[in-house]
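Printed here is start_1.cif (mmCIF, C-alpha atoms):
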```cif
data_structure
loop_
_atom_site.group_PDB
_atom_site.id
_atom_site.type_symbol
_atom_site.label_atom_id
_atom_site.label_comp_id
_atom_site.auth_asym_id
_atom_site.auth_seq_id
_atom_site.Cartn_x
_atom_site.Cartn_y
_atom_site.Cartn_z
ATOM 1 C CA MET U 105 45.581 -112.463 6.775
ATOM 2 C CA ASP U 106 48.568 -110.583 5.344
ATOM 3 C CA SER U 107 48.653 -106.811 5.804
ATOM 4 C CA ALA U 108 47.554 -104.525 2.994
ATOM 5 C CA PHE U 109 51.224 -103.669 2.454
ATOM 6 C CA ASP U 110 52.193 -107.345 2.037
ATOM 7 C CA ARG U 111 49.318 -108.030 -0.324
ATOM 8 C CA ILE U 112 50.121 -104.997 -2.488
ATOM 9 C CA ALA U 113 53.856 -105.789 -2.461
ATOM 10 C CA GLY U 114 53.034 -109.329 -3.591
ATOM 11 C CA ILE U 115 50.917 -107.976 -6.450
ATOM 12 C CA ILE U 116 53.686 -105.601 -7.541
ATOM 13 C CA ALA U 117 56.331 -108.342 -7.418
ATOM 14 C CA GLU U 118 54.157 -110.672 -9.470
ATOM 15 C CA THR U 119 53.151 -108.019 -12.004
ATOM 16 C CA SER U 120 56.512 -106.330 -12.509
ATOM 17 C CA GLY U 121 58.898 -109.224 -11.942
ATOM 18 C CA LEU U 122 60.686 -107.307 -9.165
ATOM 19 C CA PRO U 123 62.126 -109.368 -6.297
ATOM 20 C CA ARG U 124 59.666 -109.112 -3.392
ATOM 21 C CA GLU U 125 62.464 -108.171 -0.960
ATOM 22 C CA LYS U 126 63.195 -104.998 -2.968
ATOM 23 C CA ILE U 127 59.746 -103.642 -2.128
ATOM 24 C CA THR U 128 59.875 -101.916 1.257
ATOM 25 C CA PRO U 129 57.429 -99.634 3.084
ATOM 26 C CA ASP U 130 59.520 -96.624 2.040
ATOM 27 C CA SER U 131 59.747 -97.592 -1.656
ATOM 28 C CA HIS U 132 58.286 -95.057 -4.065
ATOM 29 C CA VAL U 133 56.388 -97.130 -6.608
ATOM 30 C CA ILE U 134 57.579 -95.099 -9.582
ATOM 31 C CA ASP U 135 60.831 -93.438 -8.521
ATOM 32 C CA ASP U 136 62.325 -96.374 -6.581
ATOM 33 C CA LEU U 137 60.695 -99.434 -8.113
ATOM 34 C CA GLY U 138 60.630 -98.102 -11.684
ATOM 35 C CA ILE U 139 57.046 -99.187 -12.322
ATOM 36 C CA ASP U 140 55.916 -97.712 -15.628
ATOM 37 C CA SER U 141 52.400 -96.504 -16.345
ATOM 38 C CA LEU U 142 51.282 -99.707 -18.073
ATOM 39 C CA ASP U 143 52.533 -101.973 -15.290
ATOM 40 C CA PHE U 144 50.899 -99.593 -12.826
ATOM 41 C CA LEU U 145 47.600 -100.083 -14.680
ATOM 42 C CA ASP U 146 47.954 -103.864 -14.229
ATOM 43 C CA ILE U 147 48.804 -103.355 -10.556
ATOM 44 C CA VAL U 148 45.758 -101.135 -10.006
ATOM 45 C CA PHE U 149 43.517 -103.704 -11.729
ATOM 46 C CA ALA U 150 44.917 -106.449 -9.487
ATOM 47 C CA VAL U 151 44.491 -104.259 -6.385
ATOM 48 C CA ASP U 152 40.916 -103.359 -7.405
ATOM 49 C CA LYS U 153 40.125 -107.080 -7.689
ATOM 50 C CA GLU U 154 42.042 -108.149 -4.565
ATOM 51 C CA PHE U 155 40.403 -105.581 -2.280
ATOM 52 C CA GLY U 156 37.055 -105.178 -4.070
ATOM 53 C CA ILE U 157 37.509 -101.427 -4.481
ATOM 54 C CA LYS U 158 38.123 -98.868 -7.231
ATOM 55 C CA VAL U 159 41.439 -97.158 -6.578
ATOM 56 C CA PRO U 160 40.887 -93.500 -7.586
ATOM 57 C CA VAL U 161 44.137 -93.168 -9.487
ATOM 58 C CA GLU U 162 42.882 -90.354 -11.689
ATOM 59 C CA ALA U 163 41.854 -88.200 -8.732
ATOM 60 C CA TRP U 164 45.178 -88.897 -7.000
ATOM 61 C CA THR U 165 47.153 -88.001 -10.109
ATOM 62 C CA GLN U 166 45.179 -84.788 -10.571
ATOM 63 C CA GLU U 167 45.837 -83.792 -6.957
ATOM 64 C CA VAL U 168 49.566 -84.417 -7.365
ATOM 65 C CA ASN U 169 49.749 -82.609 -10.698
ATOM 66 C CA ALA U 170 47.856 -79.634 -9.262
ATOM 67 C CA GLY U 171 50.269 -79.429 -6.338
ATOM 68 C CA GLN U 172 47.497 -80.221 -3.855
ATOM 69 C CA ALA U 173 49.208 -83.353 -2.523
ATOM 70 C CA PRO U 174 52.770 -84.693 -2.513
ATOM 71 C CA ALA U 175 53.233 -87.729 -4.751
ATOM 72 C CA GLY U 176 54.544 -89.684 -1.788
ATOM 73 C CA GLN U 177 51.157 -89.477 -0.110
ATOM 74 C CA TYR U 178 49.836 -91.946 -2.663
ATOM 75 C CA PHE U 179 52.825 -93.581 -4.291
ATOM 76 C CA VAL U 180 55.149 -94.483 -1.394
ATOM 77 C CA MET U 181 54.291 -98.067 -0.468
ATOM 78 C CA LYS U 182 53.377 -97.559 3.205
ATOM 79 C CA ASN U 183 51.155 -94.604 2.278
ATOM 80 C CA LEU U 184 49.645 -96.461 -0.664
ATOM 81 C CA ALA U 185 48.787 -99.339 1.673
ATOM 82 C CA ALA U 186 47.215 -96.857 4.138
ATOM 83 C CA ARG U 187 45.127 -95.286 1.346
ATOM 84 C CA ILE U 188 43.949 -98.757 0.254
ATOM 85 C CA GLU U 189 42.999 -99.620 3.839
ATOM 86 C CA GLU U 190 41.023 -96.357 4.030
ATOM 87 C CA LEU U 191 39.178 -97.218 0.813
ATOM 88 C CA VAL U 192 38.364 -100.709 2.098
ATOM 89 C CA ALA U 193 37.132 -99.266 5.425
ATOM 90 C CA ALA U 194 35.027 -96.641 3.633
ATOM 91 C CA LYS U 195 33.476 -99.361 1.481
ATOM 92 C CA LYS U 196 32.570 -101.402 4.558
ATOM 93 C CA VAL U 197 30.926 -98.371 6.188
ATOM 94 C CA GLY U 198 28.985 -97.641 3.001
ATOM 95 C CA ALA U 199 27.938 -101.269 2.491
ATOM 96 C CA MET Y 32 35.109 -104.341 -42.706
ATOM 97 C CA ARG Y 33 37.319 -101.869 -44.517
ATOM 98 C CA LEU Y 34 40.592 -103.362 -43.470
ATOM 99 C CA GLU Y 35 42.844 -100.692 -44.952
ATOM 100 C CA TYR Y 36 40.894 -97.953 -43.144
ATOM 101 C CA PHE Y 37 40.786 -99.825 -39.840
ATOM 102 C CA GLN Y 38 36.995 -99.824 -39.917
ATOM 103 C CA MET Y 39 36.489 -103.269 -38.480
ATOM 104 C CA ILE Y 40 32.893 -103.179 -37.207
ATOM 105 C CA ASP Y 41 30.045 -103.079 -39.738
ATOM 106 C CA ARG Y 42 26.972 -103.126 -37.543
ATOM 107 C CA VAL Y 43 26.143 -103.315 -33.857
ATOM 108 C CA LEU Y 44 23.556 -106.046 -33.273
ATOM 109 C CA ALA Y 45 23.002 -105.519 -29.540
ATOM 110 C CA ALA Y 46 24.508 -103.383 -26.801
ATOM 111 C CA ASP Y 47 24.018 -102.278 -23.239
ATOM 112 C CA GLY Y 48 26.365 -100.937 -20.578
ATOM 113 C CA GLU Y 49 27.951 -104.319 -19.971
ATOM 114 C CA SER Y 50 28.310 -105.958 -23.372
ATOM 115 C CA LEU Y 51 28.161 -105.421 -27.103
ATOM 116 C CA THR Y 52 27.631 -107.774 -30.024
ATOM 117 C CA ALA Y 53 28.500 -106.670 -33.535
ATOM 118 C CA GLU Y 54 28.772 -107.970 -37.064
ATOM 119 C CA ALA Y 55 31.872 -107.724 -39.231
ATOM 120 C CA ARG Y 56 31.992 -108.967 -42.811
ATOM 121 C CA VAL Y 57 35.431 -109.624 -44.246
ATOM 122 C CA PRO Y 58 35.684 -108.186 -47.791
ATOM 123 C CA GLU Y 59 36.275 -110.509 -50.713
ATOM 124 C CA ALA Y 60 39.189 -108.346 -51.816
ATOM 125 C CA SER Y 61 41.567 -105.961 -50.043
ATOM 126 C CA PRO Y 62 45.138 -104.749 -50.572
ATOM 127 C CA VAL Y 63 45.862 -106.366 -47.196
ATOM 128 C CA PHE Y 64 45.406 -109.794 -48.809
ATOM 129 C CA GLU Y 65 48.038 -109.020 -51.433
ATOM 130 C CA GLY Y 66 50.697 -109.275 -48.765
ATOM 131 C CA HIS Y 67 48.988 -111.506 -46.205
ATOM 132 C CA PHE Y 68 49.479 -113.921 -47.897
ATOM 133 C CA PRO Y 69 50.154 -114.190 -51.657
ATOM 134 C CA GLY Y 70 48.033 -117.070 -52.908
ATOM 135 C CA HIS Y 71 46.589 -117.715 -49.446
ATOM 136 C CA PRO Y 72 44.651 -114.637 -48.252
ATOM 137 C CA LEU Y 73 44.035 -114.432 -44.503
ATOM 138 C CA VAL Y 74 42.908 -111.645 -42.180
ATOM 139 C CA PRO Y 75 46.023 -110.833 -40.121
ATOM 140 C CA GLY Y 76 45.696 -111.877 -36.489
ATOM 141 C CA VAL Y 77 46.561 -108.361 -35.325
ATOM 142 C CA LEU Y 78 43.497 -107.083 -37.213
ATOM 143 C CA LEU Y 79 41.323 -109.643 -35.423
ATOM 144 C CA VAL Y 80 42.721 -108.288 -32.148
ATOM 145 C CA GLU Y 81 41.992 -104.766 -33.425
ATOM 146 C CA THR Y 82 38.419 -105.874 -34.188
ATOM 147 C CA MET Y 83 37.952 -107.038 -30.575
ATOM 148 C CA ALA Y 84 39.515 -103.764 -29.381
ATOM 149 C CA GLN Y 85 37.129 -101.682 -31.498
ATOM 150 C CA ALA Y 86 34.109 -103.621 -30.202
ATOM 151 C CA SER Y 87 35.403 -102.964 -26.675
ATOM 152 C CA GLY Y 88 35.934 -99.311 -27.517
ATOM 153 C CA TYR Y 89 32.385 -98.861 -28.805
ATOM 154 C CA LEU Y 90 31.055 -100.632 -25.716
ATOM 155 C CA LEU Y 91 32.914 -98.126 -23.527
ATOM 156 C CA LEU Y 92 31.976 -95.114 -25.658
ATOM 157 C CA ARG Y 93 28.336 -96.058 -25.219
ATOM 158 C CA ARG Y 94 28.811 -96.745 -21.510
ATOM 159 C CA PHE Y 95 30.410 -93.326 -20.954
ATOM 160 C CA GLY Y 96 28.061 -91.444 -23.291
ATOM 161 C CA PHE Y 97 30.968 -90.357 -25.522
ATOM 162 C CA ALA Y 98 32.359 -88.260 -22.664
ATOM 163 C CA ARG Y 99 35.778 -89.928 -22.946
ATOM 164 C CA MET Y 100 37.803 -91.931 -25.458
ATOM 165 C CA PRO Y 101 39.095 -95.480 -24.878
ATOM 166 C CA PHE Y 102 42.584 -96.297 -26.177
ATOM 167 C CA LEU Y 103 43.943 -99.855 -26.349
ATOM 168 C CA ALA Y 104 46.665 -100.316 -23.720
ATOM 169 C CA SER Y 105 47.261 -104.043 -23.411
ATOM 170 C CA VAL Y 106 46.192 -107.390 -24.810
ATOM 171 C CA LYS Y 107 46.438 -110.539 -22.726
ATOM 172 C CA GLU Y 108 45.821 -114.195 -23.425
ATOM 173 C CA ALA Y 109 45.137 -113.517 -27.089
ATOM 174 C CA LYS Y 110 44.359 -116.782 -28.833
ATOM 175 C CA LEU Y 111 43.953 -116.944 -32.606
ATOM 176 C CA ARG Y 112 42.178 -120.267 -32.942
ATOM 177 C CA SER Y 113 41.454 -120.544 -36.641
ATOM 178 C CA PHE Y 114 42.140 -118.802 -39.944
ATOM 179 C CA VAL Y 115 39.764 -116.133 -41.254
ATOM 180 C CA GLY Y 116 39.667 -115.622 -45.007
ATOM 181 C CA PRO Y 117 37.933 -113.297 -47.504
ATOM 182 C CA GLY Y 118 34.127 -113.231 -47.350
ATOM 183 C CA ALA Y 119 33.847 -114.536 -43.797
ATOM 184 C CA SER Y 120 30.977 -113.254 -41.665
ATOM 185 C CA LEU Y 121 32.104 -112.618 -38.102
ATOM 186 C CA THR Y 122 30.218 -112.070 -34.852
ATOM 187 C CA VAL Y 123 32.234 -109.899 -32.482
ATOM 188 C CA GLU Y 124 31.524 -109.712 -28.761
ATOM 189 C CA ALA Y 125 32.952 -107.430 -26.090
ATOM 190 C CA ARG Y 126 32.054 -107.767 -22.432
ATOM 191 C CA LEU Y 127 33.028 -105.460 -19.569
ATOM 192 C CA VAL Y 128 35.175 -107.245 -16.993
ATOM 193 C CA HIS Y 129 36.066 -104.278 -14.786
ATOM 194 C CA GLU Y 130 35.731 -100.508 -14.828
ATOM 195 C CA GLY Y 131 38.564 -98.818 -12.985
ATOM 196 C CA SER Y 132 39.692 -95.231 -12.550
ATOM 197 C CA GLY Y 133 40.861 -94.129 -15.984
ATOM 198 C CA TYR Y 134 40.829 -97.600 -17.460
ATOM 199 C CA ALA Y 135 38.585 -100.553 -18.234
ATOM 200 C CA VAL Y 136 39.175 -104.249 -18.807
ATOM 201 C CA THR Y 137 37.089 -106.182 -21.320
ATOM 202 C CA SER Y 138 36.937 -109.666 -22.739
ATOM 203 C CA GLY Y 139 36.738 -109.919 -26.512
ATOM 204 C CA ARG Y 140 35.631 -112.818 -28.652
ATOM 205 C CA ILE Y 141 35.017 -113.423 -32.351
ATOM 206 C CA GLU Y 142 32.982 -116.260 -33.820
ATOM 207 C CA ALA Y 143 32.444 -117.397 -37.414
ATOM 208 C CA GLY Y 144 29.634 -119.813 -38.200
ATOM 209 C CA GLY Y 145 29.101 -120.480 -34.493
ATOM 210 C CA LYS Y 146 32.738 -121.455 -34.028
ATOM 211 C CA ARG Y 147 35.114 -119.476 -31.828
ATOM 212 C CA VAL Y 148 37.815 -117.826 -33.927
ATOM 213 C CA CYS Y 149 39.711 -115.819 -31.320
ATOM 214 C CA ASP Y 150 39.501 -114.311 -27.850
ATOM 215 C CA ALA Y 151 41.530 -112.068 -25.559
ATOM 216 C CA GLU Y 152 41.426 -109.900 -22.476
ATOM 217 C CA LEU Y 153 41.925 -106.228 -23.326
ATOM 218 C CA THR Y 154 42.778 -103.218 -21.200
ATOM 219 C CA LEU Y 155 41.824 -99.768 -22.467
ATOM 220 C CA ARG Y 156 42.869 -96.449 -21.016
ATOM 221 C CA VAL Y 157 39.925 -94.068 -20.849
ATOM 222 C CA LEU Y 158 41.017 -90.475 -21.442
ATOM 223 C CA ASP Y 159 39.497 -87.129 -22.305
ATOM 224 C CA PHE Y 160 39.162 -86.688 -26.058
ATOM 225 C CA PRO Y 161 42.486 -85.162 -27.171
ATOM 226 C CA ALA Y 162 40.864 -83.387 -30.144
ATOM 227 C CA PRO Y 163 37.282 -82.401 -31.006
ATOM 228 C CA GLU Y 164 37.787 -83.891 -34.477
ATOM 229 C CA LEU Y 165 38.311 -87.304 -32.927
ATOM 230 C CA GLU Y 166 35.122 -87.069 -30.876
ATOM 231 C CA ALA Y 167 33.187 -86.019 -33.980
ATOM 232 C CA ALA Y 168 34.689 -88.883 -35.981
ATOM 233 C CA MET Y 169 33.855 -91.431 -33.288
ATOM 234 C CA ARG Y 170 30.288 -90.175 -33.069
ATOM 235 C CA ALA Y 171 29.996 -90.434 -36.858
ATOM 236 C CA GLN Y 172 31.402 -93.973 -36.849
ATOM 237 C CA ALA Y 173 29.040 -94.963 -34.064
ATOM 238 C CA GLU Y 174 26.117 -93.570 -36.046
ATOM 239 C CA ARG Y 175 27.281 -95.497 -39.126
ATOM 240 C CA ILE Y 176 27.320 -98.826 -37.277
ATOM 241 C CA GLY Y 177 24.078 -98.208 -35.361
ATOM 242 C CA LEU Y 178 25.590 -98.072 -31.883
ATOM 243 C CA ALA Y 179 23.081 -95.678 -30.359
ATOM 244 C CA ALA Y 180 20.100 -97.498 -31.844
ATOM 245 C CA ALA Y 181 21.217 -100.953 -30.720
ATOM 246 C CA ALA Y 182 19.025 -102.561 -28.080
ATOM 247 C CA PRO Y 183 20.290 -104.760 -25.256
ATOM 248 C CA ALA Y 184 20.763 -108.409 -26.164
ATOM 249 C CA VAL Y 185 17.806 -110.693 -25.427
ATOM 250 C CA PRO Y 186 18.876 -113.366 -22.910
ATOM 251 C CA ALA Y 187 19.155 -116.787 -24.502
#
```

How would this structure read if it were set down as structure tokens?
Amino acid sequence: MDSAFDRIAGIIAETSGLPREKITPDSHVIDDLGIDSLDFLDIVFAVDKEFGIKVPVEAWTQEVNAGQAPAGQYFVMKNLAARIEELVAAKKVGA
Amino acid sequence: MRLEYFQMIDRVLAADGESLTAEARVPEASPVFEGHFPGHPLVPGVLLVETMAQASGYLLLRRFGFARMPFLASVKEAKLRSFVGPGASLTVEARLVHEGSGYAVTSGRIEAGGKRVCDAELTLRVLDFPAPELEAAMRAQAERIGLAAAAPAVPA
């Protein structure tokens, strides 16, 4: 199976129309890829469905806005993929 | 329906946390029909989409206990299958497809006389109420249409 990064990159390319090769592990979803908030909503919905999780975007955004976490921790692709893998693992443990 | 006031839902027939069914009666006369269209009055398709969005919104308001306000963010696969004219009696359905973090996806559908009129997939952002007046107005609207009193639908 493709890695979480590849699956998320595929979702972003399909949702936003960006060429897949532009999406690298170091791409910042908003600053580098230019994903706007509505496209990001579509991406999160697709990720929720693909991985069977609920990406806690609101909690992440609140942490970033409160200065408790750098935006890159959640919105740089390799970190986003790591967070998704953590959520999937946590769901399996809780299942 | 009071088209010019964007009050699209007249009465909630059934509701639970997952779905809502409501009634909407198109008025015989409205200023909207003067422009859409002269001599051939039709409910504008965008107002049918708005009707599905409002049914979805009430579904989410009930689901979240009026703690937060849903705002329409996107409409996908909207199909307007037949014309709706003055006096039509519509059955509006909204069903929860997915509840995410700060958003929800619903499917909307309107029928007239047992025939499907339109359907769409809707995404709504779910935010804190930006003003207490809005929360009060939504609670009043919900009371008017019987949202709180509506019982879950009986399975067919």

Determine the residue set returned by the PyMOL selection byres ((chain Y) within 8 of (chain U)) for the present structure, and present it as a PDB file with C-alpha atoms, in the coordinates of the input.
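As written to disk, out.pdb reads:
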```
ATOM      1  CA  ALA Y 104      46.665-100.316 -23.720  1.00  0.00           C
ATOM      2  CA  SER Y 105      47.261-104.043 -23.411  1.00  0.00           C
ATOM      3  CA  GLY Y 131      38.564 -98.818 -12.985  1.00  0.00           C
ATOM      4  CA  SER Y 132      39.692 -95.231 -12.550  1.00  0.00           C
ATOM      5  CA  GLY Y 133      40.861 -94.129 -15.984  1.00  0.00           C
ATOM      6  CA  TYR Y 134      40.829 -97.600 -17.460  1.00  0.00           C
TER       7      TYR Y 134
END
```

Query raised in the report: What does the PyMOL selection byres ((chain U and resi 129-132) around 9) select in this file, as a PyMOL selection string?
Result: chain U and resi 109+126-128+133-138+175-176+179-183+185

Could you give me the axis-aligned bounding box of range 188-196 of chain U, with 5 Å of padding per side, as centre plus edge lengths in Å to one decimal, as lines of an AutoDock Vina configuration file?
```
center_x = 38.3
center_y = -98.9
center_z = 2.8
size_x = 21.4
size_y = 15.0
size_z = 15.2
```

Report task. Please check which residues have atoms at most 12 Å from (27.9, -96.2, -36.0) in the file's coordinates, counting all atoms listed in the file, and write them as a PyMOL selection string. Result -> chain Y and resi 38-44+53-54+85-86+89-90+92-93+167-181

Query raised in the report: Using all atoms listed in the file, which of Y:Leu51, Y:Ala151, Y:Arg112, Y:Glu164 sits nearest Ala182 in chain Y?
Result: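 Of the candidates, the smallest distance to Ala182 in chain Y is held by Y:Leu51.
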
Can you fill out range 34-55 of chain Y with N, CA and C atoms and hand it back as a PDB file, keeping the file's coordinate frame?
```pdb
ATOM      1  N   LEU Y  34      39.370-103.032 -44.190  1.00  0.00           N
ATOM      2  CA  LEU Y  34      40.592-103.362 -43.470  1.00  0.00           C
ATOM      3  C   LEU Y  34      41.625-102.244 -43.547  1.00  0.00           C
ATOM      4  N   GLU Y  35      41.780-101.686 -44.758  1.00  0.00           N
ATOM      5  CA  GLU Y  35      42.844-100.692 -44.952  1.00  0.00           C
ATOM      6  C   GLU Y  35      42.530 -99.361 -44.286  1.00  0.00           C
ATOM      7  N   TYR Y  36      41.272 -99.169 -43.871  1.00  0.00           N
ATOM      8  CA  TYR Y  36      40.894 -97.953 -43.144  1.00  0.00           C
ATOM      9  C   TYR Y  36      40.662 -98.224 -41.653  1.00  0.00           C
ATOM     10  N   PHE Y  37      40.970 -99.441 -41.232  1.00  0.00           N
ATOM     11  CA  PHE Y  37      40.786 -99.825 -39.840  1.00  0.00           C
ATOM     12  C   PHE Y  37      39.332 -99.645 -39.385  1.00  0.00           C
ATOM     13  N   GLN Y  38      38.415 -99.813 -40.298  1.00  0.00           N
ATOM     14  CA  GLN Y  38      36.995 -99.824 -39.917  1.00  0.00           C
ATOM     15  C   GLN Y  38      36.575-101.282 -39.830  1.00  0.00           C
ATOM     16  N   MET Y  39      36.632-101.828 -38.631  1.00  0.00           N
ATOM     17  CA  MET Y  39      36.489-103.269 -38.480  1.00  0.00           C
ATOM     18  C   MET Y  39      35.047-103.692 -38.194  1.00  0.00           C
ATOM     19  N   ILE Y  40      34.261-102.814 -37.608  1.00  0.00           N
ATOM     20  CA  ILE Y  40      32.893-103.179 -37.207  1.00  0.00           C
ATOM     21  C   ILE Y  40      31.918-102.641 -38.252  1.00  0.00           C
ATOM     22  N   ASP Y  41      31.035-103.512 -38.746  1.00  0.00           N
ATOM     23  CA  ASP Y  41      30.045-103.079 -39.738  1.00  0.00           C
ATOM     24  C   ASP Y  41      28.725-102.668 -39.098  1.00  0.00           C
ATOM     25  N   ARG Y  42      28.285-103.416 -38.103  1.00  0.00           N
ATOM     26  CA  ARG Y  42      26.972-103.126 -37.543  1.00  0.00           C
ATOM     27  C   ARG Y  42      26.898-103.666 -36.120  1.00  0.00           C
ATOM     28  N   VAL Y  43      26.363-102.852 -35.230  1.00  0.00           N
ATOM     29  CA  VAL Y  43      26.143-103.315 -33.857  1.00  0.00           C
ATOM     30  C   VAL Y  43      24.782-104.014 -33.807  1.00  0.00           C
ATOM     31  N   LEU Y  44      24.796-105.255 -33.323  1.00  0.00           N
ATOM     32  CA  LEU Y  44      23.556-106.046 -33.273  1.00  0.00           C
ATOM     33  C   LEU Y  44      22.836-105.852 -31.947  1.00  0.00           C
ATOM     34  N   ALA Y  45      23.602-105.695 -30.864  1.00  0.00           N
ATOM     35  CA  ALA Y  45      23.002-105.519 -29.540  1.00  0.00           C
ATOM     36  C   ALA Y  45      24.042-104.865 -28.640  1.00  0.00           C
ATOM     37  N   ALA Y  46      23.567-104.031 -27.719  1.00  0.00           N
ATOM     38  CA  ALA Y  46      24.508-103.383 -26.801  1.00  0.00           C
ATOM     39  C   ALA Y  46      23.769-102.889 -25.571  1.00  0.00           C
ATOM     40  N   ASP Y  47      24.460-102.968 -24.444  1.00  0.00           N
ATOM     41  CA  ASP Y  47      24.018-102.278 -23.239  1.00  0.00           C
ATOM     42  C   ASP Y  47      25.292-101.826 -22.523  1.00  0.00           C
ATOM     43  N   GLY Y  48      25.195-101.456 -21.263  1.00  0.00           N
ATOM     44  CA  GLY Y  48      26.365-100.937 -20.578  1.00  0.00           C
ATOM     45  C   GLY Y  48      27.426-101.975 -20.272  1.00  0.00           C
ATOM     46  N   GLU Y  49      27.049-103.246 -20.380  1.00  0.00           N
ATOM     47  CA  GLU Y  49      27.951-104.319 -19.971  1.00  0.00           C
ATOM     48  C   GLU Y  49      28.529-105.114 -21.142  1.00  0.00           C
ATOM     49  N   SER Y  50      27.841-105.124 -22.271  1.00  0.00           N
ATOM     50  CA  SER Y  50      28.310-105.958 -23.372  1.00  0.00           C
ATOM     51  C   SER Y  50      27.837-105.403 -24.715  1.00  0.00           C
ATOM     52  N   LEU Y  51      28.492-105.862 -25.739  1.00  0.00           N
ATOM     53  CA  LEU Y  51      28.161-105.421 -27.103  1.00  0.00           C
ATOM     54  C   LEU Y  51      28.398-106.596 -28.048  1.00  0.00           C
ATOM     55  N   THR Y  52      27.471-106.772 -28.974  1.00  0.00           N
ATOM     56  CA  THR Y  52      27.631-107.774 -30.024  1.00  0.00           C
ATOM     57  C   THR Y  52      27.536-107.065 -31.371  1.00  0.00           C
ATOM     58  N   ALA Y  53      28.456-107.375 -32.251  1.00  0.00           N
ATOM     59  CA  ALA Y  53      28.500-106.670 -33.535  1.00  0.00           C
ATOM     60  C   ALA Y  53      28.785-107.655 -34.665  1.00  0.00           C
ATOM     61  N   GLU Y  54      28.540-107.179 -35.862  1.00  0.00           N
ATOM     62  CA  GLU Y  54      28.772-107.970 -37.064  1.00  0.00           C
ATOM     63  C   GLU Y  54      29.936-107.347 -37.842  1.00  0.00           C
ATOM     64  N   ALA Y  55      30.764-108.192 -38.397  1.00  0.00           N
ATOM     65  CA  ALA Y  55      31.872-107.724 -39.231  1.00  0.00           C
ATOM     66  C   ALA Y  55      32.010-108.669 -40.419  1.00  0.00           C
TER      67      ALA Y  55
END
```
